[in-house]
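Here's query_8.cif, which has mmCIF, C-alpha atoms:
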data_query
loop_
_atom_site.label_atom_id
_atom_site.label_comp_id
_atom_site.auth_asym_id
_atom_site.auth_seq_id
_atom_site.Cartn_x
_atom_site.Cartn_y
_atom_site.Cartn_z
CA MET A 22 -37.82 30.53 -28.62
CA GLN A 23 -35.14 31.55 -26.15
CA ASN A 24 -33.13 34.67 -26.44
CA LYS A 25 -29.52 33.83 -25.61
CA GLN A 26 -27.24 36.62 -24.54
CA PRO A 27 -23.71 36.36 -25.86
CA SER A 28 -21.31 35.19 -23.17
CA ASN A 29 -18.06 36.96 -22.51
CA LYS A 30 -16.55 33.67 -21.30
CA SER A 31 -15.17 31.03 -23.56
CA PRO A 32 -16.30 27.42 -22.95
CA LEU A 33 -12.83 26.73 -21.54
CA GLY A 34 -13.10 29.71 -19.19
CA GLU A 35 -16.50 28.48 -17.96
CA GLN A 36 -15.06 25.00 -17.32
CA LEU A 37 -12.09 26.41 -15.43
CA SER A 38 -14.23 28.61 -13.21
CA ARG A 39 -16.62 25.69 -12.57
CA TRP A 40 -13.66 23.47 -11.57
CA SER A 41 -12.26 26.28 -9.41
CA VAL A 42 -15.54 26.55 -7.51
CA LEU A 43 -15.80 22.76 -7.12
CA GLY A 44 -12.18 22.59 -5.92
CA ALA A 45 -12.73 25.35 -3.37
CA VAL A 46 -15.88 23.63 -2.06
CA ALA A 47 -14.07 20.27 -1.81
CA ILE A 48 -11.13 21.79 0.07
CA GLY A 49 -13.50 23.62 2.40
CA CYS A 50 -15.46 20.42 3.10
CA LEU A 51 -12.29 18.50 3.88
CA GLY A 52 -11.23 21.15 6.33
CA PHE A 53 -14.54 20.97 8.18
CA SER A 54 -14.91 17.18 8.05
CA GLY A 55 -11.76 16.60 10.08
CA CYS A 56 -10.40 14.08 7.60
CA ALA A 57 -8.05 16.56 5.94
CA THR A 58 -5.79 16.64 8.96
CA GLN A 59 -6.07 12.90 9.38
CA THR A 60 -5.17 12.21 5.77
CA SER A 61 -2.21 14.58 5.97
CA GLU A 62 -0.99 12.60 8.98
CA ARG A 63 -1.24 9.36 7.06
CA PHE A 64 1.74 7.13 7.59
CA SER A 65 3.98 5.87 4.85
CA PRO A 66 4.18 2.08 4.57
CA GLN A 67 7.69 2.29 6.04
CA ALA A 68 6.45 4.26 9.07
CA VAL A 69 3.58 1.83 9.57
CA ALA A 70 5.94 -1.13 9.36
CA ALA A 71 7.88 0.33 12.29
CA MET A 72 4.75 0.02 14.50
CA SER A 73 3.10 -2.99 12.80
CA PRO A 74 4.74 -6.37 12.36
CA GLU A 75 5.90 -7.26 8.87
CA ALA A 76 4.19 -10.30 7.39
CA VAL A 77 6.38 -13.39 7.32
CA PRO A 78 6.07 -15.25 3.99
CA VAL A 79 5.15 -18.90 4.57
CA GLN A 80 3.56 -21.80 2.70
CA PRO A 81 -0.26 -21.47 2.46
CA PHE A 82 -1.20 -24.01 5.16
CA GLU A 83 1.74 -23.01 7.34
CA ALA A 84 0.20 -19.55 7.93
CA MET A 85 -2.80 -21.01 9.79
CA ARG A 86 -0.70 -23.58 11.67
CA LEU A 87 1.76 -20.93 12.88
CA ALA A 88 -1.03 -18.55 13.89
CA LYS A 89 -2.84 -21.30 15.86
CA LYS A 90 0.41 -22.25 17.61
CA TYR A 91 1.10 -18.61 18.51
CA VAL A 92 -2.39 -18.23 19.99
CA VAL A 93 -1.95 -21.39 22.09
CA ASP A 94 1.44 -20.20 23.35
CA HIS A 95 0.29 -16.59 24.04
CA PRO A 96 -2.93 -16.22 26.06
CA GLY A 97 -5.01 -13.17 25.16
CA THR A 98 -4.30 -13.50 21.44
CA GLU A 99 -6.46 -14.63 18.55
CA PHE A 100 -6.02 -14.85 14.80
CA LEU A 101 -7.97 -13.77 11.75
CA VAL A 102 -7.52 -14.18 8.01
CA GLY A 103 -7.37 -10.86 6.19
CA SER A 104 -9.48 -10.21 3.12
CA GLY A 105 -9.04 -7.36 0.66
CA ASP A 106 -6.26 -5.03 -0.41
CA SER A 107 -6.78 -1.94 1.78
CA MET A 108 -3.59 -2.75 3.70
CA LEU A 109 -1.31 -3.12 0.68
CA PRO A 110 1.65 -3.04 0.56
CA LEU A 111 1.89 -4.01 4.25
CA TYR A 112 -0.53 -6.97 4.26
CA ARG A 113 -1.84 -8.80 1.18
CA ASP A 114 -5.16 -10.58 0.80
CA HIS A 115 -5.24 -13.85 2.83
CA THR A 116 -2.58 -12.69 5.30
CA VAL A 117 -3.20 -14.33 8.67
CA VAL A 118 -2.87 -11.78 11.49
CA VAL A 119 -2.59 -12.46 15.20
CA THR A 120 -4.04 -9.85 17.54
CA GLN A 121 -3.29 -9.13 21.19
CA ARG A 122 -5.87 -7.53 23.46
CA THR A 123 -4.46 -4.10 24.29
CA PRO A 124 -5.78 -1.34 26.58
CA MET A 125 -6.87 1.83 24.76
CA ALA A 126 -4.29 3.84 26.74
CA GLU A 127 -1.48 1.80 25.14
CA LEU A 128 -2.53 2.40 21.52
CA LYS A 129 -0.21 4.48 19.35
CA ALA A 130 -0.46 6.02 15.91
CA GLY A 131 0.95 3.63 13.32
CA MET A 132 -0.22 0.44 15.02
CA THR A 133 -2.47 -1.87 13.04
CA ALA A 134 -5.61 -2.44 15.08
CA VAL A 135 -8.47 -4.85 14.46
CA TYR A 136 -11.88 -3.50 15.38
CA ILE A 137 -15.49 -4.34 14.61
CA GLY A 138 -16.60 -2.02 11.80
CA GLU A 139 -20.03 -0.64 11.01
CA THR A 140 -21.01 -3.81 9.11
CA GLY A 141 -20.29 -5.96 12.17
CA ARG A 142 -17.19 -7.52 10.61
CA PRO A 143 -13.60 -7.15 11.84
CA VAL A 144 -11.49 -4.49 10.12
CA ALA A 145 -7.68 -4.36 10.32
CA HIS A 146 -6.46 -0.83 9.66
CA VAL A 147 -3.75 1.53 10.87
CA LEU A 148 -4.41 3.93 13.74
CA VAL A 149 -3.87 7.47 12.50
CA LYS A 150 -5.01 9.91 15.17
CA ASN A 151 -6.55 9.79 18.64
CA THR A 152 -9.63 11.99 19.02
CA SER A 153 -12.21 12.53 21.76
CA ASP A 154 -14.51 10.10 19.87
CA GLY A 155 -11.87 7.36 19.59
CA TRP A 156 -9.04 6.51 17.22
CA VAL A 157 -9.26 7.42 13.54
CA ALA A 158 -8.09 4.49 11.40
CA MET A 159 -7.47 3.95 7.71
CA GLY A 160 -6.12 1.30 5.39
CA VAL A 161 -2.55 1.84 4.21
CA GLY A 162 -3.78 1.64 0.62
CA ASN A 163 -6.93 3.75 1.17
CA ALA A 164 -7.28 7.41 0.30
CA GLU A 165 -9.79 8.18 3.06
CA CYS A 166 -10.19 7.58 6.77
CA ASP A 167 -12.61 4.98 8.10
CA ALA A 168 -16.01 6.34 9.15
CA THR A 169 -16.06 4.18 12.29
CA ARG A 170 -13.83 5.25 15.18
CA VAL A 171 -11.86 2.64 17.11
CA THR A 172 -13.11 2.61 20.71
CA GLY A 173 -12.84 0.39 23.76
CA GLU A 174 -16.17 -1.16 22.81
CA ASN A 175 -15.22 -2.27 19.27
CA LEU A 176 -11.45 -2.88 19.62
CA VAL A 177 -10.49 -6.54 19.12
CA GLY A 178 -6.75 -6.02 19.50
CA VAL A 179 -3.50 -4.89 17.93
CA VAL A 180 -1.70 -6.97 15.30
CA VAL A 181 1.37 -8.57 16.88
CA LYS A 182 2.20 -11.21 14.24
CA ALA A 183 1.38 -11.67 10.57
CA TYR A 184 1.88 -14.63 8.25
CA GLU A 185 1.54 -14.15 4.51
CA PRO A 186 0.81 -17.30 2.49
CA THR A 187 3.00 -17.53 -0.60
CA SER A 188 -0.17 -18.34 -2.57
CA SER A 189 -3.90 -18.36 -1.97
CA PRO A 190 -4.99 -21.17 0.35
CA MET A 191 -7.82 -21.98 -2.11
CA VAL A 192 -5.33 -22.31 -4.98
CA ALA A 193 -3.14 -24.49 -2.75
CA LEU A 194 -6.13 -26.75 -1.97
CA LEU A 195 -6.95 -27.07 -5.67
CA ASN A 196 -3.32 -27.83 -6.54
CA GLU A 197 -3.14 -30.44 -3.79
CA ALA A 198 -6.40 -32.03 -4.97
CA ALA A 199 -5.21 -32.04 -8.58
CA ALA A 200 -1.96 -33.73 -7.55
CA ARG A 201 -3.98 -36.49 -5.89
CA ASN A 202 -6.36 -36.71 -8.88
CA ALA A 203 -9.19 -35.65 -6.55
CA VAL A 204 -10.57 -32.92 -8.80
CA ALA A 205 -13.78 -33.90 -10.53
CA SER A 206 -14.59 -32.64 -13.99
CA MET A 207 -18.05 -31.07 -14.18
CA PRO A 208 -18.57 -30.08 -17.81
#

Would you encode the structure as structure tokens?
Amino acid sequence: MQNKQPSNKSPLGEQLSRWSVLGAVAIGCLGFSGCATQTSERFSPQAVAAMSPEAVPVQPFEAMRLAKKYVVDHPGTEFLVGSGDSMLPLYRDHTVVVTQRTPMAELKAGMTAVYIGETGRPVAHVLVKNTSDGWVAMGVGNAECDATRVTGENLVGVVVKAYEPTSSPMVALLNEAAARNAVASMP
């Protein structure tokens, strides 16, 4: 049998003091992690749009055609198809972005850079702050900074053009196939 001493605190008071301690610890950790200053310097979508090209709405298959043509006409560029929603509202899922190789010295906060992330896949996020370890980046729609810094070794390029398909290319393919009666039923 345990002998419980009466508490002077109400359950609500205990919860509040517990949350106060957790909040203080969280704020302290943010201050030491370096991300607090980076998050506070986060750009609004309007500020990012000033340094990153706005996506041009086009028909689904037109996005790829225009990107390929741009790459042919502009040496040193390449294109990628975006996946995910971390760049909303600037770039939607399936937006085709064209990147230009750019020297590290020419990078500026607010530019959308494509770099190879920790998983080995390209990541397109906004440059937030230049540090001694490289550029801090984050998605426009993300609450936290990326763990991987953008460096000369992992930088693919800066987004110079973007084409946003008016619908998913997969949906467009299915619609086109259905119109030609080329969709097989597999019950």

Result set of the PyMOL selection byres ((chain A and resi 167) around 9) on the coordinates above, as a ChimeraX atom specification: /A:138,146,157-160,165-166,168-170

Residues selected by the PyMOL selection byres ((chain A and resi 145) around 9), written as number ranges by chain: A: 103, 107-108, 118, 133-137, 143-144, 146-147, 158-160, 179-180

Distance query Met125 in chain A at most 9 Å, all atoms listed in the file, self and fewer than 5 positions along chain excluded, as a list of chain:residue names: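 Contacts, with the query itself left out: A:Thr172, A:Gly173, A:Leu176.
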
Of the listed residues A:Thr187, A:Glu197, A:Arg122, A:Met72, that which approaches Val149 in chain A most closely, counting all atoms listed in the file: A:Met72

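Counting from CA of Phe100 in chain A, the distance to CA of Gly162 in chain A is 21.9 Å.
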
Selected residue, from A:Asp154, A:Glu127, A:Glu185, A:Glu75, that lies nearest to Leu87 in chain A when counting only C-alpha atoms: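 When distances to Leu87 in chain A are compared using only C-alpha atoms, the smallest one comes from A:Glu185.
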
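Going from CA of His115 in chain A to CA of Lys89 in chain A covers 15.2 Å.
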
Resolved residues for the PyMOL selection byres ((chain A and resi 95) around 12) as number ranges by chain: A: 88-94, 96-100, 119-122, 181-182

One-decimal distance in Å that lies between CA of Pro190 in chain A and CA of Ser104 in chain A: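 Computing it gives 12.2 Å between the two atoms.
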
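Of the listed residues A:Pro81, A:Leu111, A:Val161, A:Ser153, the one whose atoms come nearest to Leu195 in chain A is A:Pro81, with distances taken using only C-alpha atoms.
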
Which of A:Ser188, A:Asn196, A:Thr116, A:Thr123 sits closest to Gln80 in chain A [using all atoms listed in the file]: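 Of A:Ser188, A:Asn196, A:Thr116, A:Thr123, the one nearest Gln80 in chain A, counting all atoms listed in the file, is A:Ser188.
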
Selected residue, from A:Ala84, A:Val192, A:Ala71, A:Leu109, that lies nearest to Lys129 in chain A when counting all atoms listed in the file: A:Ala71

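Residue nearest Val171 in chain A within the list A:Ala183, A:Arg201, A:Pro124, A:Gly155: A:Gly155 [criterion: smallest interatomic distance, all atoms listed in the file].
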